[in-house]
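Colleague: Sharing a structure below in structure tokens format, with a few things to ask.
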Amino acid sequence: MFGYVRRAFPFTLRTRVSAQKLSGAALVSTMTAFALYRANFLSTPLARCQGSVSEHGDYGGRLCTLNHIAAVKHLMSQLRDKETDTKTFRIYSDRIMRLLLEEALAQELTVETRQSPTADYYKHYRPHSDSDYAAVSIMRGGDSMLGELFNLLPDVAIGKVLIQRDESSTDKRPIFYYAKLPERIEEKKRVFVLDPMCASGGSAAMCIQKLIERGVSPDRITFINLVTVEKGIKKVMETFPEVTMITACIDPHLNEAAYICPGLGDFGDRYFGSKLPL
């Protein structure tokens with residue numbers, strides 16, 4: 001039994017207690033201390049939104065950006081280049097999407113204490129099961145994010161929403177056409193809304209509203225996108241104060257046609273090869 005105590009107790013406790021010399025009362029007391037030690041770590045939610053948000057406000061810790069990461073700056077520069085062909089554009093887009101999705105999943109981990117092969121203890125980050133998640137793609141750009149999502153969550157439930165902005169209107173207001181959502185989506189622990197571009201934020205806000213109308217709690221919704229601007233952030237985050245937003249890059253402004261600048265051009269056309277790069 002003493003051998004078990006020696007193996008099971010963390011190093012900080014083992015340095016204070018000699019297992020061979022423990023009396024019955026001391027053993028009980030020490031094991032109680034160990035239980036309290038484990039309780040401090042077991043099932044502790046991981047802190048959310050660790051990305052850089054200082055330039056645009058933290059919105060209560062619900063806005064997470066990856067534009068402080070050198071790898072993201074490199075990958076984004078390849079996407080911005082008008083000479084980048086479709087194949088290369090897809091490759092670099094997928095690499096950024098993987099980072100975004102990994103960040104989104106990392107915010108859903110539970111911290112536990114486990115033992116490594118060296119018999120020391122460490123903080124172990126345990127994810128939810130695939131069935132705890134759902135994702136809703138805002139077609140068609142959002143569909144480009146599904147490949148990497150399936151690599152991470154093969155059994156995730158997928159919904160589709162078709163929302164397009166009215167190019168003839170001065171405010172480019174969104175128009176809703178279609179939605180097909182997973183059954184019992186309101187019971188999921190986390191619902192990801194996928195759309196690579198967020199300009200005015202109208203499409204994302206409309207999609208989120210549709211989810212709320214279906215019973216999804218806004219504090220369980222995470223909007224994931226590649227590029228946005230301040231206007232899009234404010235539209236989403238101020239309309240829905242409980243929603244989380246994760247983006248790779250925040251660009252400076254929109255042009256007169258309400259396109260993100262410097263932006264990437266039309267993401268859907270470039271990713272799916274519908275048109276040649278601008």
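All residue names refer to the structure tokens as shown: chains lettered A, B, ... in order, residues numbered from 1 in each chain, ligands numbered from 1 in order.
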Excluding Ser144 (chain A) and any residue of its chain fewer than 4 positions from it, enumerate the residues within 9 Å of it, using only C-alpha atoms, and give them as number ranges by chain.

Modeller: A: 90, 93-94, 97, 137, 139-140, 148, 194-196, 268, 271-272

Colleague: Take the residues just selected and output them with all heavy atoms as a short mmCIF file (atom, residue, chain, number, x, y, z; two decimals), in the first residue's frame.

Modeller:
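Saved the output as part-v5.cif:
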```cif
data_model
loop_
_atom_site.label_atom_id
_atom_site.label_comp_id
_atom_site.auth_asym_id
_atom_site.auth_seq_id
_atom_site.Cartn_x
_atom_site.Cartn_y
_atom_site.Cartn_z
N ARG A 90 -6.27 26.88 -51.94
CA ARG A 90 -6.93 25.87 -51.10
C ARG A 90 -5.99 25.34 -50.03
O ARG A 90 -6.38 25.17 -48.87
CB ARG A 90 -7.43 24.72 -51.97
CG ARG A 90 -8.62 25.04 -52.83
CD ARG A 90 -8.95 23.88 -53.74
NE ARG A 90 -10.05 24.17 -54.64
CZ ARG A 90 -10.35 23.44 -55.70
NH1 ARG A 90 -9.62 22.37 -56.00
NH2 ARG A 90 -11.37 23.77 -56.48
N SER A 93 -5.46 27.99 -47.39
CA SER A 93 -6.72 28.21 -46.66
C SER A 93 -6.96 27.09 -45.66
O SER A 93 -7.33 27.33 -44.50
CB SER A 93 -7.89 28.29 -47.64
OG SER A 93 -7.80 29.42 -48.47
N ASP A 94 -6.76 25.85 -46.11
CA ASP A 94 -7.00 24.71 -45.23
C ASP A 94 -6.08 24.73 -44.02
O ASP A 94 -6.48 24.35 -42.91
CB ASP A 94 -6.81 23.40 -46.00
CG ASP A 94 -7.92 23.14 -47.01
OD1 ASP A 94 -8.95 23.84 -46.95
OD2 ASP A 94 -7.75 22.24 -47.85
N MET A 97 -7.53 27.24 -41.65
CA MET A 97 -8.77 26.71 -41.08
C MET A 97 -8.49 25.70 -39.99
O MET A 97 -9.19 25.64 -38.97
CB MET A 97 -9.62 26.09 -42.19
CG MET A 97 -10.18 27.09 -43.17
SD MET A 97 -10.93 26.26 -44.58
CE MET A 97 -11.21 27.66 -45.67
N SER A 137 -22.76 25.54 -41.67
CA SER A 137 -22.02 26.21 -42.73
C SER A 137 -22.92 27.23 -43.43
O SER A 137 -24.02 26.90 -43.86
CB SER A 137 -21.52 25.18 -43.75
OG SER A 137 -21.07 25.81 -44.93
N MET A 139 -23.42 28.74 -46.61
CA MET A 139 -22.98 28.41 -47.97
C MET A 139 -22.70 29.68 -48.77
O MET A 139 -23.31 30.72 -48.54
CB MET A 139 -24.05 27.58 -48.68
CG MET A 139 -24.34 26.24 -47.97
SD MET A 139 -25.47 25.19 -48.89
CE MET A 139 -27.01 26.06 -48.66
N ARG A 140 -21.73 29.56 -49.72
CA ARG A 140 -20.95 28.37 -49.96
C ARG A 140 -19.58 28.42 -49.32
O ARG A 140 -18.89 27.42 -49.19
CB ARG A 140 -20.81 28.15 -51.47
CG ARG A 140 -19.89 29.14 -52.11
CD ARG A 140 -19.77 28.98 -53.60
NE ARG A 140 -19.32 30.25 -54.11
CZ ARG A 140 -18.63 30.41 -55.21
NH1 ARG A 140 -18.34 29.37 -55.94
NH2 ARG A 140 -18.25 31.60 -55.59
N GLU A 148 -11.52 20.26 -43.05
CA GLU A 148 -10.67 20.24 -41.86
C GLU A 148 -11.48 19.91 -40.61
O GLU A 148 -10.98 19.27 -39.69
CB GLU A 148 -9.95 21.58 -41.69
CG GLU A 148 -8.88 21.84 -42.73
CD GLU A 148 -7.80 20.76 -42.73
OE1 GLU A 148 -7.40 20.32 -41.63
OE2 GLU A 148 -7.37 20.35 -43.82
N LEU A 194 -19.84 28.60 -39.41
CA LEU A 194 -18.66 28.66 -40.28
C LEU A 194 -18.90 29.58 -41.47
O LEU A 194 -19.84 29.38 -42.25
CB LEU A 194 -18.32 27.25 -40.79
CG LEU A 194 -18.21 26.13 -39.75
CD1 LEU A 194 -17.93 24.80 -40.44
CD2 LEU A 194 -17.13 26.45 -38.73
N ASP A 195 -18.05 30.58 -41.61
CA ASP A 195 -18.08 31.47 -42.77
C ASP A 195 -16.72 32.17 -42.84
O ASP A 195 -16.35 32.87 -41.89
CB ASP A 195 -19.20 32.50 -42.65
CG ASP A 195 -19.46 33.22 -43.97
OD1 ASP A 195 -18.80 32.89 -44.98
OD2 ASP A 195 -20.33 34.12 -44.00
N PRO A 196 -15.96 31.98 -43.91
CA PRO A 196 -14.59 32.52 -43.94
C PRO A 196 -14.51 34.03 -43.94
O PRO A 196 -13.53 34.59 -43.45
CB PRO A 196 -14.00 31.92 -45.21
CG PRO A 196 -15.17 31.54 -46.05
CD PRO A 196 -16.25 31.17 -45.10
N GLY A 268 -15.05 32.46 -51.98
CA GLY A 268 -15.69 31.29 -52.58
C GLY A 268 -15.21 31.04 -53.99
O GLY A 268 -14.91 29.90 -54.37
N TYR A 271 -11.50 29.78 -53.78
CA TYR A 271 -11.33 28.45 -53.18
C TYR A 271 -11.90 27.36 -54.07
O TYR A 271 -11.28 26.30 -54.24
CB TYR A 271 -12.00 28.41 -51.81
CG TYR A 271 -11.69 27.15 -51.02
CD1 TYR A 271 -10.62 27.10 -50.13
CD2 TYR A 271 -12.47 26.00 -51.17
CE1 TYR A 271 -10.33 25.95 -49.42
CE2 TYR A 271 -12.19 24.84 -50.47
CZ TYR A 271 -11.11 24.82 -49.59
OH TYR A 271 -10.83 23.67 -48.89
N PHE A 272 -13.07 27.60 -54.63
CA PHE A 272 -13.74 26.57 -55.43
C PHE A 272 -13.42 26.67 -56.92
O PHE A 272 -13.88 25.85 -57.71
CB PHE A 272 -15.25 26.65 -55.22
CG PHE A 272 -15.67 26.28 -53.82
CD1 PHE A 272 -16.13 27.26 -52.95
CD2 PHE A 272 -15.58 24.98 -53.37
CE1 PHE A 272 -16.51 26.93 -51.65
CE2 PHE A 272 -15.96 24.64 -52.08
CZ PHE A 272 -16.42 25.62 -51.22
#
```

Colleague: Taking a cut-off of 12 Å and counting only C-alpha atoms, can you build a table that, for each residue of region 159-222 of chain A near region 228-241 of chain A, reports the nearest atom pair and how far apart they are in Å (one decimal), sorted by chain then residue number, as JSON lines?

Modeller:
```
{"residue": "A:Val193", "atom": "CA", "partner": "A:Val236", "partner_atom": "CA", "distance": 11.7}
{"residue": "A:Asp195", "atom": "CA", "partner": "A:Thr228", "partner_atom": "CA", "distance": 10.3}
{"residue": "A:Pro196", "atom": "CA", "partner": "A:Thr228", "partner_atom": "CA", "distance": 8.5}
{"residue": "A:Met197", "atom": "CA", "partner": "A:Thr228", "partner_atom": "CA", "distance": 6.1}
{"residue": "A:Cys198", "atom": "CA", "partner": "A:Thr228", "partner_atom": "CA", "distance": 4.7}
{"residue": "A:Ala199", "atom": "CA", "partner": "A:Gly232", "partner_atom": "CA", "distance": 5.2}
{"residue": "A:Ser200", "atom": "CA", "partner": "A:Gly232", "partner_atom": "CA", "distance": 4.4}
{"residue": "A:Gly201", "atom": "CA", "partner": "A:Gly232", "partner_atom": "CA", "distance": 4.1}
{"residue": "A:Gly202", "atom": "CA", "partner": "A:Lys235", "partner_atom": "CA", "distance": 7.1}
{"residue": "A:Ser203", "atom": "CA", "partner": "A:Val236", "partner_atom": "CA", "distance": 9.5}
{"residue": "A:Ala204", "atom": "CA", "partner": "A:Val236", "partner_atom": "CA", "distance": 7.0}
{"residue": "A:Ala205", "atom": "CA", "partner": "A:Val236", "partner_atom": "CA", "distance": 5.6}
{"residue": "A:Met206", "atom": "CA", "partner": "A:Val236", "partner_atom": "CA", "distance": 9.3}
{"residue": "A:Cys207", "atom": "CA", "partner": "A:Val236", "partner_atom": "CA", "distance": 10.4}
{"residue": "A:Ile208", "atom": "CA", "partner": "A:Phe240", "partner_atom": "CA", "distance": 8.4}
{"residue": "A:Gln209", "atom": "CA", "partner": "A:Phe240", "partner_atom": "CA", "distance": 8.8}
{"residue": "A:Leu211", "atom": "CA", "partner": "A:Phe240", "partner_atom": "CA", "distance": 11.8}
{"residue": "A:Ile212", "atom": "CA", "partner": "A:Phe240", "partner_atom": "CA", "distance": 10.1}
{"residue": "A:Ser217", "atom": "CA", "partner": "A:Phe240", "partner_atom": "CA", "distance": 10.6}
{"residue": "A:Pro218", "atom": "CA", "partner": "A:Phe240", "partner_atom": "CA", "distance": 7.1}
{"residue": "A:Asp219", "atom": "CA", "partner": "A:Pro241", "partner_atom": "CA", "distance": 8.5}
{"residue": "A:Arg220", "atom": "CA", "partner": "A:Phe240", "partner_atom": "CA", "distance": 11.5}
{"residue": "A:Ile221", "atom": "CA", "partner": "A:Phe240", "partner_atom": "CA", "distance": 9.8}
{"residue": "A:Thr222", "atom": "CA", "partner": "A:Val236", "partner_atom": "CA", "distance": 10.8}
```

Colleague: Using the selection just defined, write its residues with N, CA and C atoms as a PDB file, in the first residue's frame.

Modeller:
```pdb
ATOM      1  N   VAL A 193     -20.562  28.169 -36.091  1.00  0.00           N
ATOM      2  CA  VAL A 193     -21.044  28.808 -37.314  1.00  0.00           C
ATOM      3  C   VAL A 193     -19.821  29.088 -38.178  1.00  0.00           C
ATOM      4  N   ASP A 195     -18.050  30.582 -41.608  1.00  0.00           N
ATOM      5  CA  ASP A 195     -18.077  31.472 -42.772  1.00  0.00           C
ATOM      6  C   ASP A 195     -16.722  32.167 -42.837  1.00  0.00           C
ATOM      7  N   PRO A 196     -15.956  31.976 -43.909  1.00  0.00           N
ATOM      8  CA  PRO A 196     -14.594  32.515 -43.935  1.00  0.00           C
ATOM      9  C   PRO A 196     -14.507  34.035 -43.941  1.00  0.00           C
ATOM     10  N   MET A 197     -15.517  34.722 -44.487  1.00  0.00           N
ATOM     11  CA  MET A 197     -15.464  36.174 -44.586  1.00  0.00           C
ATOM     12  C   MET A 197     -16.602  36.802 -43.793  1.00  0.00           C
ATOM     13  N   CYS A 198     -16.274  37.837 -43.026  1.00  0.00           N
ATOM     14  CA  CYS A 198     -17.286  38.574 -42.269  1.00  0.00           C
ATOM     15  C   CYS A 198     -17.047  40.057 -42.504  1.00  0.00           C
ATOM     16  N   ALA A 199     -17.802  40.637 -43.435  1.00  0.00           N
ATOM     17  CA  ALA A 199     -17.629  42.048 -43.795  1.00  0.00           C
ATOM     18  C   ALA A 199     -18.522  42.930 -42.919  1.00  0.00           C
ATOM     19  N   SER A 200     -19.788  43.035 -43.287  1.00  0.00           N
ATOM     20  CA  SER A 200     -20.716  43.826 -42.476  1.00  0.00           C
ATOM     21  C   SER A 200     -21.252  43.032 -41.294  1.00  0.00           C
ATOM     22  N   GLY A 201     -21.123  41.708 -41.349  1.00  0.00           N
ATOM     23  CA  GLY A 201     -21.605  40.858 -40.267  1.00  0.00           C
ATOM     24  C   GLY A 201     -23.063  40.469 -40.386  1.00  0.00           C
ATOM     25  N   GLY A 202     -23.730  40.923 -41.443  1.00  0.00           N
ATOM     26  CA  GLY A 202     -25.160  40.664 -41.576  1.00  0.00           C
ATOM     27  C   GLY A 202     -25.506  39.197 -41.746  1.00  0.00           C
ATOM     28  N   SER A 203     -24.754  38.483 -42.580  1.00  0.00           N
ATOM     29  CA  SER A 203     -25.048  37.065 -42.820  1.00  0.00           C
ATOM     30  C   SER A 203     -24.828  36.238 -41.557  1.00  0.00           C
ATOM     31  N   ALA A 204     -23.718  36.498 -40.872  1.00  0.00           N
ATOM     32  CA  ALA A 204     -23.433  35.757 -39.641  1.00  0.00           C
ATOM     33  C   ALA A 204     -24.502  36.026 -38.591  1.00  0.00           C
ATOM     34  N   ALA A 205     -24.899  37.289 -38.452  1.00  0.00           N
ATOM     35  CA  ALA A 205     -25.917  37.639 -37.461  1.00  0.00           C
ATOM     36  C   ALA A 205     -27.249  36.972 -37.784  1.00  0.00           C
ATOM     37  N   MET A 206     -27.600  36.920 -39.063  1.00  0.00           N
ATOM     38  CA  MET A 206     -28.857  36.281 -39.450  1.00  0.00           C
ATOM     39  C   MET A 206     -28.817  34.784 -39.166  1.00  0.00           C
ATOM     40  N   CYS A 207     -27.691  34.146 -39.446  1.00  0.00           N
ATOM     41  CA  CYS A 207     -27.547  32.716 -39.175  1.00  0.00           C
ATOM     42  C   CYS A 207     -27.650  32.440 -37.674  1.00  0.00           C
ATOM     43  N   ILE A 208     -26.974  33.242 -36.877  1.00  0.00           N
ATOM     44  CA  ILE A 208     -27.029  33.067 -35.425  1.00  0.00           C
ATOM     45  C   ILE A 208     -28.454  33.239 -34.914  1.00  0.00           C
ATOM     46  N   GLN A 209     -29.171  34.208 -35.469  1.00  0.00           N
ATOM     47  CA  GLN A 209     -30.559  34.425 -35.063  1.00  0.00           C
ATOM     48  C   GLN A 209     -31.417  33.203 -35.378  1.00  0.00           C
ATOM     49  N   LEU A 211     -30.412  30.135 -35.434  1.00  0.00           N
ATOM     50  CA  LEU A 211     -30.074  29.107 -34.449  1.00  0.00           C
ATOM     51  C   LEU A 211     -30.765  29.374 -33.118  1.00  0.00           C
ATOM     52  N   ILE A 212     -30.782  30.620 -32.711  1.00  0.00           N
ATOM     53  CA  ILE A 212     -31.441  30.976 -31.450  1.00  0.00           C
ATOM     54  C   ILE A 212     -32.935  30.675 -31.534  1.00  0.00           C
ATOM     55  N   SER A 217     -28.842  27.990 -27.311  1.00  0.00           N
ATOM     56  CA  SER A 217     -28.467  29.076 -26.412  1.00  0.00           C
ATOM     57  C   SER A 217     -27.299  29.855 -27.013  1.00  0.00           C
ATOM     58  N   PRO A 218     -27.360  31.185 -27.036  1.00  0.00           N
ATOM     59  CA  PRO A 218     -26.284  31.964 -27.666  1.00  0.00           C
ATOM     60  C   PRO A 218     -24.917  31.753 -27.026  1.00  0.00           C
ATOM     61  N   ASP A 219     -24.876  31.395 -25.742  1.00  0.00           N
ATOM     62  CA  ASP A 219     -23.577  31.173 -25.107  1.00  0.00           C
ATOM     63  C   ASP A 219     -22.948  29.843 -25.514  1.00  0.00           C
ATOM     64  N   ARG A 220     -23.649  29.068 -26.345  1.00  0.00           N
ATOM     65  CA  ARG A 220     -23.093  27.826 -26.889  1.00  0.00           C
ATOM     66  C   ARG A 220     -22.710  27.961 -28.358  1.00  0.00           C
ATOM     67  N   ILE A 221     -22.772  29.170 -28.887  1.00  0.00           N
ATOM     68  CA  ILE A 221     -22.480  29.405 -30.302  1.00  0.00           C
ATOM     69  C   ILE A 221     -21.107  30.049 -30.448  1.00  0.00           C
ATOM     70  N   THR A 222     -20.292  29.503 -31.357  1.00  0.00           N
ATOM     71  CA  THR A 222     -18.996  30.090 -31.702  1.00  0.00           C
ATOM     72  C   THR A 222     -18.967  30.352 -33.200  1.00  0.00           C
TER      73      THR A 222
END
```

Colleague: Excluding Ile175 (chain A) and residues on its chain fewer than 2 positions from it, collect all residues at most 10 Å away from it, counting only C-alpha atoms, and give them as a PyMOL selection string.

Modeller: chain A and resi 162-166+172-173+177-178+202-203+206

Colleague: So that I can check the surroundings of Pro262 (chain A), please list as a VMD selection string every protein, DNA and RNA residue that reaches within 8 Å of it, counting only C-alpha atoms and ignoring chain neighbours fewer than 2 positions away.

Modeller: chain A and resid 80 251 to 253 260 264

Colleague: Please save N, CA, C and O atoms of the selected residues as a CSV table (one decimal), in the first residue's frame.

Modeller:
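part.csv was written with the following content:
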```csv
chain,number,residue,atom,x,y,z
A,80,ARG,N,-3.7,36.5,-49.8
A,80,ARG,CA,-3.9,37.8,-50.3
A,80,ARG,C,-3.3,38.1,-51.7
A,80,ARG,O,-3.8,38.9,-52.5
A,251,ASP,N,-8.9,42.9,-40.7
A,251,ASP,CA,-8.4,43.9,-41.7
A,251,ASP,C,-8.9,45.3,-41.4
A,251,ASP,O,-9.9,45.5,-40.6
A,252,PRO,N,-8.3,46.3,-42.0
A,252,PRO,CA,-8.5,47.7,-41.7
A,252,PRO,C,-9.9,48.2,-42.0
A,252,PRO,O,-10.5,48.9,-41.2
A,253,HIS,N,-10.5,47.9,-43.2
A,253,HIS,CA,-11.7,48.6,-43.5
A,253,HIS,C,-12.4,47.9,-44.7
A,253,HIS,O,-11.9,46.9,-45.3
A,260,ILE,N,-14.0,43.6,-48.0
A,260,ILE,CA,-12.9,43.7,-47.0
A,260,ILE,C,-11.6,44.1,-47.7
A,260,ILE,O,-11.3,43.5,-48.8
A,264,LEU,N,-9.1,39.3,-49.4
A,264,LEU,CA,-8.7,38.1,-50.2
A,264,LEU,C,-9.3,38.1,-51.6
A,264,LEU,O,-9.1,37.2,-52.4
```

Colleague: Output as a tab-separated table one row per residue of region 51-138 of chain A within 9 Å of region 223-226 of chain A: the closest atom pair and its distance in Å to one decimal place, counting only C-alpha atoms, sorted by chain and residue number ascending.

Modeller:
```
residue	atom	partner	partner_atom	distance
A:Met76	CA	A:Leu226	CA	8.9
A:Ser93	CA	A:Leu226	CA	8.6
A:Ile96	CA	A:Leu226	CA	7.7
A:Met97	CA	A:Leu226	CA	7.4
A:Leu100	CA	A:Ile224	CA	7.1
A:Leu101	CA	A:Ile224	CA	7.7
A:Ala104	CA	A:Ile224	CA	7.8
```

Colleague: Just N, CA, C and O atoms for this one: save the residues we selected as a short mmCIF file (atom, residue, chain, number, x, y, z; two decimals), in the first residue's frame.

Modeller:
```cif
data_model
loop_
_atom_site.label_atom_id
_atom_site.label_comp_id
_atom_site.auth_asym_id
_atom_site.auth_seq_id
_atom_site.Cartn_x
_atom_site.Cartn_y
_atom_site.Cartn_z
N MET A 76 -1.70 33.97 -44.40
CA MET A 76 -2.61 34.98 -44.92
C MET A 76 -1.99 35.74 -46.09
O MET A 76 -2.68 36.10 -47.05
N SER A 93 -5.46 27.99 -47.39
CA SER A 93 -6.72 28.21 -46.66
C SER A 93 -6.96 27.09 -45.66
O SER A 93 -7.33 27.33 -44.50
N ILE A 96 -4.88 27.40 -42.49
CA ILE A 96 -5.39 28.38 -41.53
C ILE A 96 -6.67 27.87 -40.87
O ILE A 96 -6.87 28.03 -39.66
N MET A 97 -7.53 27.24 -41.65
CA MET A 97 -8.77 26.71 -41.08
C MET A 97 -8.49 25.70 -39.99
O MET A 97 -9.19 25.64 -38.97
N LEU A 100 -7.70 27.59 -36.87
CA LEU A 100 -8.91 28.19 -36.29
C LEU A 100 -9.76 27.14 -35.58
O LEU A 100 -10.24 27.37 -34.46
N LEU A 101 -9.94 26.01 -36.22
CA LEU A 101 -10.77 24.96 -35.64
C LEU A 101 -10.11 24.34 -34.41
O LEU A 101 -10.79 24.01 -33.43
N ALA A 104 -10.80 26.69 -31.65
CA ALA A 104 -12.19 26.58 -31.20
C ALA A 104 -12.39 25.36 -30.31
O ALA A 104 -13.06 25.43 -29.28
#
```

Colleague: Could you please determine the separation between CA of Ala134 (chain A) and CA of Val191 (chain A) in Å, to one decimal place?

Modeller: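 Separation of CA of Ala134 (chain A) and CA of Val191 (chain A): 4.8 Å.
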
Colleague: Which residues, written as a short mmCIF file (atom, residue, chain, number, x, y, z; two decimals) with all heavy atoms, in the first residue's frame, have at least one atom at most 12 Å from Lys87 (chain A), with only C-alpha atoms counted and residues fewer than 2 positions away on the same chain left out?

Modeller:
```cif
data_model
loop_
_atom_site.label_atom_id
_atom_site.label_comp_id
_atom_site.auth_asym_id
_atom_site.auth_seq_id
_atom_site.Cartn_x
_atom_site.Cartn_y
_atom_site.Cartn_z
N GLN A 78 -0.10 34.61 -48.36
CA GLN A 78 -0.24 33.80 -49.57
C GLN A 78 -1.66 33.91 -50.14
O GLN A 78 -1.85 33.92 -51.36
CB GLN A 78 0.08 32.33 -49.27
CG GLN A 78 1.41 32.10 -48.57
CD GLN A 78 2.58 32.68 -49.34
OE1 GLN A 78 2.70 32.48 -50.54
NE2 GLN A 78 3.45 33.39 -48.64
N LEU A 79 -2.64 33.99 -49.27
CA LEU A 79 -4.03 34.09 -49.73
C LEU A 79 -4.31 35.46 -50.34
O LEU A 79 -5.12 35.58 -51.27
CB LEU A 79 -4.99 33.84 -48.57
CG LEU A 79 -4.90 32.48 -47.88
CD1 LEU A 79 -6.00 32.36 -46.82
CD2 LEU A 79 -5.02 31.34 -48.88
N GLU A 83 -1.88 36.57 -57.43
CA GLU A 83 -1.28 35.60 -58.34
C GLU A 83 -1.40 34.16 -57.82
O GLU A 83 -1.05 33.22 -58.53
CB GLU A 83 0.21 35.93 -58.55
CG GLU A 83 0.46 37.31 -59.12
CD GLU A 83 -0.17 37.50 -60.50
OE1 GLU A 83 -0.29 36.50 -61.24
OE2 GLU A 83 -0.56 38.64 -60.82
N THR A 84 -1.89 33.98 -56.61
CA THR A 84 -2.03 32.63 -56.04
C THR A 84 -3.10 31.85 -56.80
O THR A 84 -4.24 32.31 -56.92
CB THR A 84 -2.40 32.71 -54.55
OG1 THR A 84 -1.36 33.39 -53.85
CG2 THR A 84 -2.58 31.33 -53.95
N ASP A 85 -2.74 30.68 -57.32
CA ASP A 85 -3.70 29.88 -58.09
C ASP A 85 -4.65 29.13 -57.15
O ASP A 85 -4.47 29.11 -55.93
CB ASP A 85 -2.99 28.93 -59.04
CG ASP A 85 -2.07 27.93 -58.33
OD1 ASP A 85 -2.33 27.60 -57.15
OD2 ASP A 85 -1.09 27.49 -58.95
N PHE A 89 -4.22 28.28 -53.23
CA PHE A 89 -5.16 29.00 -52.36
C PHE A 89 -5.86 28.02 -51.41
O PHE A 89 -6.01 28.29 -50.22
CB PHE A 89 -6.18 29.75 -53.20
CG PHE A 89 -7.05 30.69 -52.42
CD1 PHE A 89 -6.65 32.00 -52.21
CD2 PHE A 89 -8.27 30.28 -51.90
CE1 PHE A 89 -7.45 32.89 -51.49
CE2 PHE A 89 -9.07 31.15 -51.18
CZ PHE A 89 -8.65 32.46 -50.98
N ARG A 90 -6.27 26.88 -51.94
CA ARG A 90 -6.93 25.87 -51.10
C ARG A 90 -5.99 25.34 -50.03
O ARG A 90 -6.38 25.17 -48.87
CB ARG A 90 -7.43 24.72 -51.97
CG ARG A 90 -8.62 25.04 -52.83
CD ARG A 90 -8.95 23.88 -53.74
NE ARG A 90 -10.05 24.17 -54.64
CZ ARG A 90 -10.35 23.44 -55.70
NH1 ARG A 90 -9.62 22.37 -56.00
NH2 ARG A 90 -11.37 23.77 -56.48
N ILE A 91 -4.76 25.06 -50.42
CA ILE A 91 -3.80 24.49 -49.48
C ILE A 91 -3.57 25.43 -48.30
O ILE A 91 -3.64 25.02 -47.13
CB ILE A 91 -2.46 24.18 -50.19
CG1 ILE A 91 -2.65 23.02 -51.17
CG2 ILE A 91 -1.37 23.86 -49.17
CD1 ILE A 91 -1.45 22.76 -52.05
N TYR A 92 -3.32 26.70 -48.60
CA TYR A 92 -3.05 27.65 -47.53
C TYR A 92 -4.31 27.96 -46.72
O TYR A 92 -4.24 28.17 -45.51
CB TYR A 92 -2.44 28.93 -48.10
CG TYR A 92 -0.97 28.78 -48.44
CD1 TYR A 92 -0.56 28.55 -49.75
CD2 TYR A 92 -0.01 28.86 -47.45
CE1 TYR A 92 0.79 28.40 -50.05
CE2 TYR A 92 1.34 28.71 -47.74
CZ TYR A 92 1.73 28.48 -49.04
OH TYR A 92 3.07 28.33 -49.33
N SER A 93 -5.46 27.99 -47.39
CA SER A 93 -6.72 28.21 -46.66
C SER A 93 -6.96 27.09 -45.66
O SER A 93 -7.33 27.33 -44.50
CB SER A 93 -7.89 28.29 -47.64
OG SER A 93 -7.80 29.42 -48.47
N ASP A 94 -6.76 25.85 -46.11
CA ASP A 94 -7.00 24.71 -45.23
C ASP A 94 -6.08 24.73 -44.02
O ASP A 94 -6.48 24.35 -42.91
CB ASP A 94 -6.81 23.40 -46.00
CG ASP A 94 -7.92 23.14 -47.01
OD1 ASP A 94 -8.95 23.84 -46.95
OD2 ASP A 94 -7.75 22.24 -47.85
N ARG A 270 -12.36 31.95 -55.34
CA ARG A 270 -10.95 31.56 -55.36
C ARG A 270 -10.74 30.16 -54.79
O ARG A 270 -9.89 29.41 -55.28
CB ARG A 270 -10.12 32.58 -54.59
CG ARG A 270 -10.17 33.99 -55.19
CD ARG A 270 -9.15 34.90 -54.56
NE ARG A 270 -7.80 34.52 -54.93
CZ ARG A 270 -6.70 35.06 -54.40
NH1 ARG A 270 -6.81 35.98 -53.46
NH2 ARG A 270 -5.51 34.66 -54.77
N TYR A 271 -11.50 29.78 -53.78
CA TYR A 271 -11.33 28.45 -53.18
C TYR A 271 -11.90 27.36 -54.07
O TYR A 271 -11.28 26.30 -54.24
CB TYR A 271 -12.00 28.41 -51.81
CG TYR A 271 -11.69 27.15 -51.02
CD1 TYR A 271 -10.62 27.10 -50.13
CD2 TYR A 271 -12.47 26.00 -51.17
CE1 TYR A 271 -10.33 25.95 -49.42
CE2 TYR A 271 -12.19 24.84 -50.47
CZ TYR A 271 -11.11 24.82 -49.59
OH TYR A 271 -10.83 23.67 -48.89
N PHE A 272 -13.07 27.60 -54.63
CA PHE A 272 -13.74 26.57 -55.43
C PHE A 272 -13.42 26.67 -56.92
O PHE A 272 -13.88 25.85 -57.71
CB PHE A 272 -15.25 26.65 -55.22
CG PHE A 272 -15.67 26.28 -53.82
CD1 PHE A 272 -16.13 27.26 -52.95
CD2 PHE A 272 -15.58 24.98 -53.37
CE1 PHE A 272 -16.51 26.93 -51.65
CE2 PHE A 272 -15.96 24.64 -52.08
CZ PHE A 272 -16.42 25.62 -51.22
N GLY A 273 -12.63 27.68 -57.31
CA GLY A 273 -12.21 27.79 -58.70
C GLY A 273 -13.29 28.29 -59.63
O GLY A 273 -13.26 28.00 -60.83
N LEU A 276 -11.21 33.19 -62.01
CA LEU A 276 -9.79 33.41 -61.88
C LEU A 276 -9.55 34.46 -60.80
O LEU A 276 -10.42 35.30 -60.54
CB LEU A 276 -9.19 33.89 -63.20
CG LEU A 276 -9.20 32.88 -64.35
CD1 LEU A 276 -8.69 33.55 -65.62
CD2 LEU A 276 -8.35 31.66 -64.01
N PRO A 277 -8.37 34.44 -60.13
CA PRO A 277 -8.07 35.48 -59.14
C PRO A 277 -8.18 36.86 -59.77
O PRO A 277 -7.99 37.03 -60.97
CB PRO A 277 -6.63 35.16 -58.73
CG PRO A 277 -6.46 33.71 -59.04
CD PRO A 277 -7.31 33.45 -60.26
#
```

Colleague: Considering only C-alpha atoms, state which residue in the set A:Leu152, A:Ile138, A:Val227, A:Leu75 is at the smallest distance from Phe176 (chain A).

Modeller: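 Between A:Leu152, A:Ile138, A:Val227, A:Leu75, the residue approaching Phe176 (chain A) most closely is A:Ile138.
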